[in-house]
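Structure data follow from entry29.json (JSON, C-alpha atoms):
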[["chain", "number", "residue", "atom", "x", "y", "z"],
["K", 1, "MET", "CA", 7.04, 16.99, -19.07],
["K", 2, "ARG", "CA", 9.57, 14.78, -17.28],
["K", 3, "ILE", "CA", 8.20, 13.63, -13.95],
["K", 4, "ALA", "CA", 9.48, 11.61, -10.99],
["K", 5, "LEU", "CA", 6.98, 9.12, -9.64],
["K", 6, "ALA", "CA", 6.56, 8.04, -6.00],
["K", 7, "LEU", "CA", 4.42, 4.92, -5.55],
["K", 8, "GLY", "CA", 3.07, 4.17, -2.10],
["K", 9, "ALA", "CA", 2.42, 1.04, -0.05],
["K", 10, "GLY", "CA", -1.00, -0.55, 0.35],
["K", 11, "GLY", "CA", -1.26, -4.23, -0.55],
["K", 12, "ALA", "CA", -3.62, -5.15, -3.37],
["K", 13, "ARG", "CA", -4.58, -1.50, -3.82],
["K", 14, "GLY", "CA", -1.16, -1.23, -5.44],
["K", 15, "TYR", "CA", -2.70, -2.53, -8.66],
["K", 16, "ALA", "CA", -4.09, 1.01, -8.94],
["K", 17, "HIS", "CA", -0.53, 2.22, -9.57],
["K", 18, "ILE", "CA", -0.73, 0.46, -12.93],
["K", 19, "GLY", "CA", -3.78, 2.46, -13.96],
["K", 20, "VAL", "CA", -2.12, 5.71, -12.85],
["K", 21, "ILE", "CA", 0.98, 4.95, -14.93],
["K", 22, "GLN", "CA", -1.18, 4.15, -17.94],
["K", 23, "ILE", "CA", -2.97, 7.50, -17.75],
["K", 24, "LEU", "CA", 0.23, 9.47, -17.20],
["K", 25, "GLU", "CA", 1.79, 7.92, -20.29],
["K", 26, "GLU", "CA", -1.38, 8.41, -22.35],
["K", 27, "ARG", "CA", -1.34, 12.10, -21.37],
["K", 28, "GLY", "CA", 2.21, 12.50, -22.64],
["K", 29, "PHE", "CA", 4.18, 12.54, -19.38],
["K", 30, "ASN", "CA", 7.71, 11.16, -19.49],
["K", 31, "ILE", "CA", 8.38, 9.16, -16.32],
["K", 32, "ALA", "CA", 12.04, 9.92, -15.65],
["K", 33, "GLY", "CA", 12.40, 7.89, -12.45],
["K", 34, "VAL", "CA", 10.43, 5.91, -9.88],
["K", 35, "ALA", "CA", 10.61, 5.24, -6.14],
["K", 36, "GLY", "CA", 8.34, 2.68, -4.51],
["K", 37, "SER", "CA", 7.49, 1.06, -1.19],
["K", 38, "SER", "CA", 5.97, -2.41, -0.87],
["K", 39, "MET", "CA", 3.47, -2.94, -3.72],
["K", 40, "GLY", "CA", 4.69, 0.39, -5.08],
["K", 41, "ALA", "CA", 8.17, -1.11, -5.32],
["K", 42, "LEU", "CA", 6.84, -4.16, -7.13],
["K", 43, "VAL", "CA", 4.87, -2.17, -9.71],
["K", 44, "GLY", "CA", 7.54, 0.53, -9.99],
["K", 45, "GLY", "CA", 10.34, -2.00, -10.44],
["K", 46, "LEU", "CA", 8.47, -3.84, -13.17],
["K", 47, "TYR", "CA", 7.76, -0.53, -14.92],
["K", 48, "ALA", "CA", 11.39, 0.57, -14.70],
["K", 49, "ALA", "CA", 12.44, -2.79, -16.17],
["K", 50, "GLY", "CA", 9.96, -2.49, -19.05],
["K", 51, "LYS", "CA", 8.04, -5.55, -17.86],
["K", 52, "LEU", "CA", 4.84, -3.98, -16.54],
["K", 53, "ASP", "CA", 2.69, -4.99, -19.52],
["K", 54, "ALA", "CA", 3.77, -8.62, -19.16],
["K", 55, "TYR", "CA", 2.92, -8.47, -15.46],
["K", 56, "VAL", "CA", -0.54, -7.08, -16.25],
["K", 57, "ASP", "CA", -1.11, -9.91, -18.73],
["K", 58, "TRP", "CA", -0.40, -12.32, -15.87],
["K", 59, "VAL", "CA", -2.40, -10.72, -13.04],
["K", 60, "ARG", "CA", -5.47, -10.21, -15.23],
["K", 61, "THR", "CA", -5.77, -14.03, -15.30],
["K", 62, "ILE", "CA", -5.52, -14.45, -11.51],
["K", 63, "GLY", "CA", -8.83, -15.20, -9.82],
["K", 64, "TYR", "CA", -9.53, -15.96, -6.18],
["K", 65, "ARG", "CA", -8.58, -19.65, -6.54],
["K", 66, "GLU", "CA", -5.34, -18.78, -8.32],
["K", 67, "VAL", "CA", -4.42, -16.41, -5.48],
["K", 68, "LEU", "CA", -4.94, -19.26, -3.00],
["K", 69, "ARG", "CA", -2.68, -21.52, -5.07],
["K", 70, "LEU", "CA", 0.06, -18.89, -4.97],
["K", 71, "LEU", "CA", 0.08, -18.88, -1.17],
["K", 72, "ASP", "CA", 3.00, -20.80, 0.29],
["K", 73, "PRO", "CA", 2.55, -21.15, 4.06],
["K", 74, "ALA", "CA", 5.75, -20.63, 6.04],
["K", 75, "VAL", "CA", 5.77, -23.24, 8.81],
["K", 76, "ARG", "CA", 7.68, -22.16, 11.93],
["K", 77, "ALA", "CA", 8.81, -18.96, 10.22],
["K", 78, "PRO", "CA", 8.34, -15.29, 11.24],
["K", 79, "GLY", "CA", 5.52, -14.74, 8.78],
["K", 80, "ALA", "CA", 2.49, -16.53, 7.39],
["K", 81, "PHE", "CA", 3.81, -16.85, 3.82],
["K", 82, "ARG", "CA", 7.18, -16.95, 2.06],
["K", 83, "ALA", "CA", 5.96, -15.33, -1.21],
["K", 84, "ASP", "CA", 8.30, -17.69, -3.13],
["K", 85, "LYS", "CA", 5.70, -18.58, -5.77],
["K", 86, "VAL", "CA", 4.88, -14.96, -6.53],
["K", 87, "MET", "CA", 8.51, -13.91, -6.57],
["K", 88, "THR", "CA", 9.42, -16.83, -8.83],
["K", 89, "ARG", "CA", 7.04, -15.45, -11.45],
["K", 90, "VAL", "CA", 8.25, -11.87, -10.89],
["K", 91, "GLY", "CA", 11.85, -13.11, -11.10],
["K", 92, "GLU", "CA", 11.13, -14.75, -14.44],
["K", 93, "LEU", "CA", 9.84, -11.42, -15.76],
["K", 94, "LEU", "CA", 12.82, -9.47, -14.41],
["K", 95, "ASP", "CA", 15.32, -12.07, -15.69],
["K", 96, "GLY", "CA", 18.11, -11.19, -13.27],
["K", 97, "VAL", "CA", 18.27, -7.48, -14.12],
["K", 98, "ARG", "CA", 20.12, -5.21, -11.70],
["K", 99, "ILE", "CA", 18.75, -1.86, -10.56],
["K", 100, "GLU", "CA", 21.73, 0.07, -11.94],
["K", 101, "GLN", "CA", 21.06, -1.48, -15.37],
["K", 102, "LEU", "CA", 17.47, -0.25, -15.59],
["K", 103, "PRO", "CA", 16.60, 2.24, -18.33],
["K", 104, "VAL", "CA", 14.57, 4.20, -15.75],
["K", 105, "PRO", "CA", 16.22, 5.16, -12.42],
["K", 106, "PHE", "CA", 14.55, 3.27, -9.59],
["K", 107, "THR", "CA", 14.60, 3.10, -5.79],
["K", 108, "ALA", "CA", 12.98, 0.32, -3.75],
["K", 109, "VAL", "CA", 12.41, 1.19, -0.10],
["K", 110, "ALA", "CA", 12.59, -1.43, 2.66],
["K", 111, "THR", "CA", 12.77, -1.23, 6.46],
["K", 112, "ASP", "CA", 15.74, -2.37, 8.54],
["K", 113, "LEU", "CA", 13.97, -3.78, 11.59],
["K", 114, "LEU", "CA", 17.04, -3.85, 13.82],
["K", 115, "ALA", "CA", 18.45, -0.43, 12.91],
["K", 116, "ARG", "CA", 14.93, 1.05, 12.74],
["K", 117, "ARG", "CA", 15.61, 2.96, 9.57],
["K", 118, "ALA", "CA", 14.62, 2.98, 5.92],
["K", 119, "VAL", "CA", 16.87, 1.30, 3.36],
["K", 120, "TRP", "CA", 17.01, 2.62, -0.21],
["K", 121, "PHE", "CA", 17.95, 0.01, -2.80],
["K", 122, "GLN", "CA", 19.44, 1.81, -5.81],
["K", 123, "ALA", "CA", 21.79, -0.96, -6.93],
["K", 124, "GLY", "CA", 21.88, -4.75, -6.93],
["K", 125, "PRO", "CA", 19.43, -7.45, -8.07],
["K", 126, "LEU", "CA", 16.00, -5.90, -8.61],
["K", 127, "ASP", "CA", 14.06, -8.99, -7.55],
["K", 128, "ILE", "CA", 15.83, -9.12, -4.17],
["K", 129, "ALA", "CA", 15.12, -5.42, -3.55],
["K", 130, "VAL", "CA", 11.44, -5.89, -4.40],
["K", 131, "ARG", "CA", 11.19, -9.00, -2.21],
["K", 132, "ALA", "CA", 12.56, -7.05, 0.77],
["K", 133, "SER", "CA", 10.19, -4.16, 0.17],
["K", 134, "ILE", "CA", 7.02, -6.30, 0.14],
["K", 135, "ALA", "CA", 7.74, -8.24, 3.36],
["K", 136, "LEU", "CA", 4.67, -7.13, 5.31],
["K", 137, "PRO", "CA", 5.04, -8.16, 8.97],
["K", 138, "LEU", "CA", 2.98, -11.18, 10.09],
["K", 139, "MET", "CA", 2.03, -11.86, 6.47],
["K", 140, "ILE", "CA", 5.24, -12.25, 4.44],
["K", 141, "THR", "CA", 8.50, -13.40, 5.99],
["K", 142, "PRO", "CA", 11.31, -10.83, 6.27],
["K", 143, "VAL", "CA", 14.61, -11.32, 4.45],
["K", 144, "MET", "CA", 18.28, -10.92, 5.29],
["K", 145, "VAL", "CA", 20.30, -8.76, 2.88],
["K", 146, "ASN", "CA", 23.86, -7.69, 3.66],
["K", 147, "GLY", "CA", 23.36, -8.49, 7.34],
["K", 148, "ARG", "CA", 20.17, -6.45, 7.58],
["K", 149, "LEU", "CA", 16.83, -7.90, 8.70],
["K", 150, "LEU", "CA", 14.49, -6.30, 6.17],
["K", 151, "ALA", "CA", 10.73, -5.91, 6.08],
["K", 152, "ASP", "CA", 8.08, -3.91, 4.26],
["K", 153, "GLY", "CA", 9.11, -0.43, 3.11],
["K", 154, "GLY", "CA", 5.74, 0.95, 4.15],
["K", 155, "LEU", "CA", 6.68, 0.61, 7.82],
["K", 156, "MET", "CA", 9.09, 3.54, 7.55],
["K", 157, "ASP", "CA", 8.14, 5.28, 4.32],
["K", 158, "PRO", "CA", 4.70, 4.40, 2.92],
["K", 159, "LEU", "CA", 4.94, 7.19, 0.33],
["K", 160, "PRO", "CA", 8.62, 7.49, -0.72],
["K", 161, "ILE", "CA", 8.89, 11.00, -2.11],
["K", 162, "ALA", "CA", 12.36, 11.82, -0.73],
["K", 163, "PRO", "CA", 14.19, 9.30, -2.98],
["K", 164, "THR", "CA", 12.89, 11.14, -6.05],
["K", 165, "ALA", "CA", 14.90, 14.27, -5.19],
["K", 166, "SER", "CA", 17.90, 13.10, -7.24],
["K", 167, "ILE", "CA", 15.83, 12.38, -10.36],
["K", 168, "PRO", "CA", 16.21, 15.09, -13.05],
["K", 169, "ALA", "CA", 12.56, 15.91, -13.56],
["K", 170, "GLY", "CA", 10.33, 18.95, -13.82],
["K", 171, "ALA", "CA", 7.78, 17.72, -11.28],
["K", 172, "VAL", "CA", 7.08, 15.00, -8.71],
["K", 173, "VAL", "CA", 3.87, 12.96, -8.83],
["K", 174, "ALA", "CA", 3.02, 10.90, -5.73],
["K", 175, "VAL", "CA", 0.42, 8.12, -5.59],
["K", 176, "SER", "CA", -0.90, 7.37, -2.11],
["K", 177, "LEU", "CA", -2.88, 4.19, -1.49],
["K", 178, "ASN", "CA", -4.17, 5.59, 1.82],
["K", 179, "GLY", "CA", -6.66, 8.11, 0.47],
["K", 180, "ALA", "CA", -9.80, 9.09, 2.32],
["K", 181, "ARG", "CA", -12.54, 6.52, 2.72],
["K", 182, "ALA", "CA", -16.07, 7.21, 1.55],
["K", 183, "THR", "CA", -16.71, 8.21, 5.19],
["K", 184, "SER", "CA", -13.66, 10.20, 6.24],
["K", 185, "HIS", "CA", -12.82, 11.91, 9.51],
["K", 186, "PRO", "CA", -10.56, 14.78, 10.58],
["K", 187, "ALA", "CA", -7.09, 13.86, 11.78],
["K", 188, "ALA", "CA", -7.44, 15.67, 15.10],
["K", 189, "PRO", "CA", -7.88, 13.57, 18.26],
["K", 190, "VAL", "CA", -11.45, 12.82, 19.29],
["K", 191, "ARG", "CA", -12.66, 13.38, 22.86],
["K", 192, "GLU", "CA", -14.81, 10.48, 23.97],
["K", 193, "SER", "CA", -16.33, 9.03, 27.11],
["K", 194, "ALA", "CA", -15.79, 5.43, 28.16],
["K", 195, "ASP", "CA", -19.35, 5.35, 29.53],
["K", 196, "PRO", "CA", -21.35, 2.75, 27.54],
["K", 197, "HIS", "CA", -24.44, 4.98, 27.87],
["K", 198, "PRO", "CA", -23.37, 8.42, 26.68],
["K", 199, "THR", "CA", -26.80, 9.88, 27.38],
["K", 200, "ARG", "CA", -26.27, 9.10, 31.07],
["K", 201, "ALA", "CA", -22.77, 10.52, 31.25],
["K", 202, "ARG", "CA", -22.15, 14.05, 32.42],
["K", 203, "ASN", "CA", -20.02, 16.45, 30.41],
["K", 204, "HIS", "CA", -19.92, 13.89, 27.60],
["K", 205, "VAL", "CA", -18.63, 14.97, 24.22],
["K", 206, "GLN", "CA", -20.41, 12.93, 21.54],
["K", 207, "SER", "CA", -18.03, 11.15, 19.17],
["K", 208, "ASP", "CA", -18.70, 11.60, 15.46],
["K", 209, "VAL", "CA", -16.73, 8.55, 14.43],
["K", 210, "PRO", "CA", -18.89, 5.61, 13.26],
["K", 211, "VAL", "CA", -17.66, 2.06, 12.86],
["K", 212, "SER", "CA", -15.72, 1.68, 9.60],
["K", 213, "ASP", "CA", -17.83, 0.71, 6.61],
["K", 214, "ARG", "CA", -15.29, -1.96, 5.74],
["K", 215, "VAL", "CA", -15.75, -3.96, 8.91],
["K", 216, "GLY", "CA", -19.06, -2.36, 9.60],
["K", 217, "ALA", "CA", -22.09, -3.70, 11.35],
["K", 218, "ALA", "CA", -24.30, -2.13, 13.94],
["K", 219, "VAL", "CA", -22.75, -2.08, 17.39],
["K", 220, "LYS", "CA", -24.85, -3.92, 19.93],
["K", 221, "THR", "CA", -24.73, -3.75, 23.67],
["K", 222, "ILE", "CA", -23.85, -6.83, 25.65],
["K", 223, "THR", "CA", -23.63, -7.43, 29.38],
["K", 224, "THR", "CA", -20.26, -8.30, 30.90],
["K", 225, "GLY", "CA", -20.53, -8.94, 34.63],
["K", 226, "SER", "CA", -21.73, -5.75, 36.28],
["K", 227, "ARG", "CA", -20.69, -3.56, 33.37],
["K", 228, "GLU", "CA", -22.03, -3.16, 29.87],
["K", 229, "ALA", "CA", -19.74, -2.91, 26.85],
["K", 230, "ALA", "CA", -20.13, -2.73, 23.09],
["K", 231, "SER", "CA", -19.71, -5.91, 21.07],
["K", 232, "LEU", "CA", -17.21, -5.99, 18.21],
["K", 233, "PRO", "CA", -18.50, -5.47, 14.66],
["K", 234, "ALA", "CA", -19.78, -8.65, 13.02],
["K", 235, "GLY", "CA", -17.31, -10.32, 10.67],
["K", 236, "LEU", "CA", -14.23, -8.65, 12.14],
["K", 237, "ARG", "CA", -11.19, -10.92, 11.78],
["K", 238, "ALA", "CA", -7.58, -10.84, 12.92],
["K", 239, "PRO", "CA", -6.27, -9.87, 9.43],
["K", 240, "ASP", "CA", -8.70, -6.93, 9.46],
["K", 241, "ILE", "CA", -7.21, -5.67, 12.73],
["K", 242, "VAL", "CA", -3.66, -6.03, 11.39],
["K", 243, "SER", "CA", -4.59, -4.21, 8.19],
["K", 244, "LEU", "CA", -6.47, -1.40, 9.95],
["K", 245, "SER", "CA", -3.62, -0.94, 12.44],
["K", 246, "ILE", "CA", -0.99, -0.69, 9.71],
["K", 247, "GLU", "CA", -3.15, 1.72, 7.71],
["K", 248, "ALA", "CA", -3.57, 3.97, 10.75],
["K", 249, "VAL", "CA", 0.20, 4.22, 11.23],
["K", 250, "GLU", "CA", 0.81, 4.64, 7.50],
["K", 251, "ASP", "CA", -1.70, 7.49, 7.36],
["K", 252, "LEU", "CA", 0.22, 9.39, 10.03],
["K", 253, "LEU", "CA", 3.57, 8.77, 8.31],
["K", 254, "ILE", "CA", 2.19, 9.85, 4.94],
["K", 255, "ARG", "CA", 0.99, 13.15, 6.36],
["K", 256, "TYR", "CA", 4.48, 13.77, 7.77],
["K", 257, "ARG", "CA", 6.08, 12.87, 4.42],
["K", 258, "LEU", "CA", 3.75, 15.16, 2.51],
["K", 259, "ALA", "CA", 4.49, 18.03, 4.88],
["K", 260, "GLY", "CA", 8.25, 17.58, 4.47],
["K", 261, "HIS", "CA", 8.30, 16.77, 0.76],
["K", 262, "PRO", "CA", 5.11, 18.04, -0.89],
["K", 263, "PRO", "CA", 4.72, 16.65, -4.43],
["K", 264, "ASP", "CA", 3.59, 18.74, -7.36],
["K", 265, "LEU", "CA", 0.66, 16.38, -7.85],
["K", 266, "LEU", "CA", -0.86, 13.97, -5.34],
["K", 267, "ILE", "CA", -3.09, 11.17, -6.60],
["K", 268, "GLU", "CA", -4.97, 9.34, -3.86],
["K", 269, "ILE", "CA", -6.53, 5.89, -4.00],
["K", 270, "PRO", "CA", -9.28, 5.40, -1.35],
["K", 271, "THR", "CA", -8.19, 3.10, 1.48],
["K", 272, "ASP", "CA", -11.46, 1.20, 1.16],
["K", 273, "ALA", "CA", -11.03, 0.55, -2.58],
["K", 274, "CYS", "CA", -10.34, -3.05, -1.53],
["K", 275, "ARG", "CA", -8.89, -5.07, 1.30],
["K", 276, "GLY", "CA", -5.13, -5.38, 1.30],
["K", 277, "HIS", "CA", -5.18, -9.11, 0.47],
["K", 278, "GLU", "CA", -7.67, -9.02, -2.43],
["K", 279, "PHE", "CA", -5.14, -9.70, -5.18],
["K", 280, "HIS", "CA", -7.78, -11.29, -7.39],
["K", 281, "ARG", "CA", -9.25, -7.84, -8.22],
["K", 282, "ALA", "CA", -6.45, -6.58, -10.49],
["K", 283, "LEU", "CA", -8.50, -5.32, -13.44],
["K", 284, "GLU", "CA", -10.99, -3.54, -11.17],
["K", 285, "LEU", "CA", -8.24, -1.78, -9.23],
["K", 286, "ILE", "CA", -6.31, -0.81, -12.35],
["K", 287, "GLU", "CA", -9.47, 0.99, -13.44],
["K", 288, "VAL", "CA", -9.70, 2.65, -10.00],
["K", 289, "GLY", "CA", -6.19, 3.99, -10.57],
["K", 290, "ARG", "CA", -7.07, 5.28, -14.03],
["K", 291, "ARG", "CA", -10.11, 7.15, -12.71],
["K", 292, "ALA", "CA", -8.17, 8.62, -9.79],
["K", 293, "ALA", "CA", -5.43, 9.86, -12.11],
["K", 294, "VAL", "CA", -7.91, 11.44, -14.53],
["K", 295, "GLU", "CA", -9.73, 13.19, -11.68],
["K", 296, "ALA", "CA", -6.52, 14.45, -10.04],
["K", 297, "LEU", "CA", -5.18, 15.80, -13.33],
["K", 298, "ALA", "CA", -8.45, 17.53, -14.11],
["K", 299, "SER", "CA", -8.91, 19.12, -10.69],
["K", 300, "SER", "CA", -5.29, 20.30, -10.43],
["K", 301, "GLY", "CA", -4.80, 21.58, -13.95],
["K", 302, "PHE", "CA", -1.49, 19.65, -14.03],
["K", 303, "GLU", "CA", -0.39, 19.33, -17.65],
["K", 304, "SER", "CA", 2.36, 17.55, -19.52]]

Rewrite the structure of this file - the entire thing - as structure tokens.
Amino acid sequence: MRIALALGAGGARGYAHIGVIQILEERGFNIAGVAGSSMGALVGGLYAAGKLDAYVDWVRTIGYREVLRLLDPAVRAPGAFRADKVMTRVGELLDGVRIEQLPVPFTAVATDLLARRAVWFQAGPLDIAVRASIALPLMITPVMVNGRLLADGGLMDPLPIAPTASIPAGAVVAVSLNGARATSHPAAPVRESADPHPTRARNHVQSDVPVSDRVGAAVKTITTGSREAASLPAGLRAPDIVSLSIEAVEDLLIRYRLAGHPPDLLIEIPTDACRGHEFHRALELIEVGRRAAVEALASSGFES
């Protein structure tokens, strides 16, 4: 079966896209076109260019120290890193190919910060389109392309299903990197009391939402002046807050995208499979993607 593939945003969890693609090809699916946001654009672009295997050969050698060496701090710039070292290696693999020259139709999604709209790159240099799509705010500096100030595609479209509509395929497969955590919660709002001692509060509705396992630690009570408040979880850092905030917004956007453009098969990678910056865990996350694809295919009965 010919399928169109939508690859979502999610930092280092995007390595799981590689495992999903491997399983789909092993099961006989013909990937007729790809759309990707952020890490989904990076993996999808390399696949469309026929360079994904070479990329895997590279990232399988990257440990924690190698990731640190790839960081290029951006002094006095609107982002912590320029991503030049990473994109130099990706550029070498892509060798100047243009999107319209790819053997597999491809769309990279970025966000125009000034116009507040998504930008679909379906022509032009592939490496520039990918660089725009991975520009996560506060982490990677944005880029200017054709007068547009561009940042991460996940800000507007963390699961780009709509761009696959023009691909001649029998089905659409979407891979979300914002799947449910091991401890998941309903999407409906939660009624909660601001009283630090819920047993003392009247008409209190007990919250069923525990502290996230990823930042988790028992919440302790501390005294602040005449009031008591809960202390923050141990080990919580600024990057954790940025990541959790982005994931919360992406989750909402993904649910809207799925409602408007439901795919024929949805493969979900748990949000807590890794932290967004753990790019030294490529082989582990590729395997996560393989398992998720196998499970989704088996439970859905989706066949090639």

Check: Can you find the residues with an atom no farther than 6 Å from (-11.8, 4.7, 4.6), counting all atoms listed in the file, and report them as a PyMOL selection string?
Finding: chain K and resi 180-182+271-272

Selection file, C-alpha atoms, as an mmCIF file, in the frame of the given file:
data_model
loop_
_atom_site.group_PDB
_atom_site.id
_atom_site.type_symbol
_atom_site.label_atom_id
_atom_site.label_comp_id
_atom_site.auth_asym_id
_atom_site.auth_seq_id
_atom_site.Cartn_x
_atom_site.Cartn_y
_atom_site.Cartn_z
ATOM 1 C CA ALA K 180 -9.800 9.090 2.320
ATOM 2 C CA ARG K 181 -12.540 6.520 2.720
ATOM 3 C CA ALA K 182 -16.070 7.210 1.550
ATOM 4 C CA THR K 271 -8.190 3.100 1.480
ATOM 5 C CA ASP K 272 -11.460 1.200 1.160
#

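From CA of Gly45 (chain K) back to CA of Arg131 (chain K), the distance works out to 10.8 Å.
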
Next item on the list: Measure the distance from CA of Ile99 (chain K) to CA of Arg290 (chain K) in Å and round it to one decimal.
Entry: 27.0 Å

Checklist line | Selection: 10 Å around Gly153 (chain K), all atoms listed in the file, excl. self and same-chain fewer than 5 positions, as a list in words | finding: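 The contact residues come out as Gly8, Ala9, Gly36, Ser37, Ser38, Met39, Gly40, Ala41, Ala108, Val109, Ala110, Thr111, Asp112, Arg117, Ala118, Val119, Trp120, Val130, Ala132, Ser133, Ile134, Ala135, Leu136, Pro158, Leu159 and Pro160 of chain K.
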
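Considering the residues K:Val173, K:Ala273, K:Leu155, K:Leu244 and counting only C-alpha atoms, Val288 (chain K) has its shortest atom-to-atom contact with K:Ala273.
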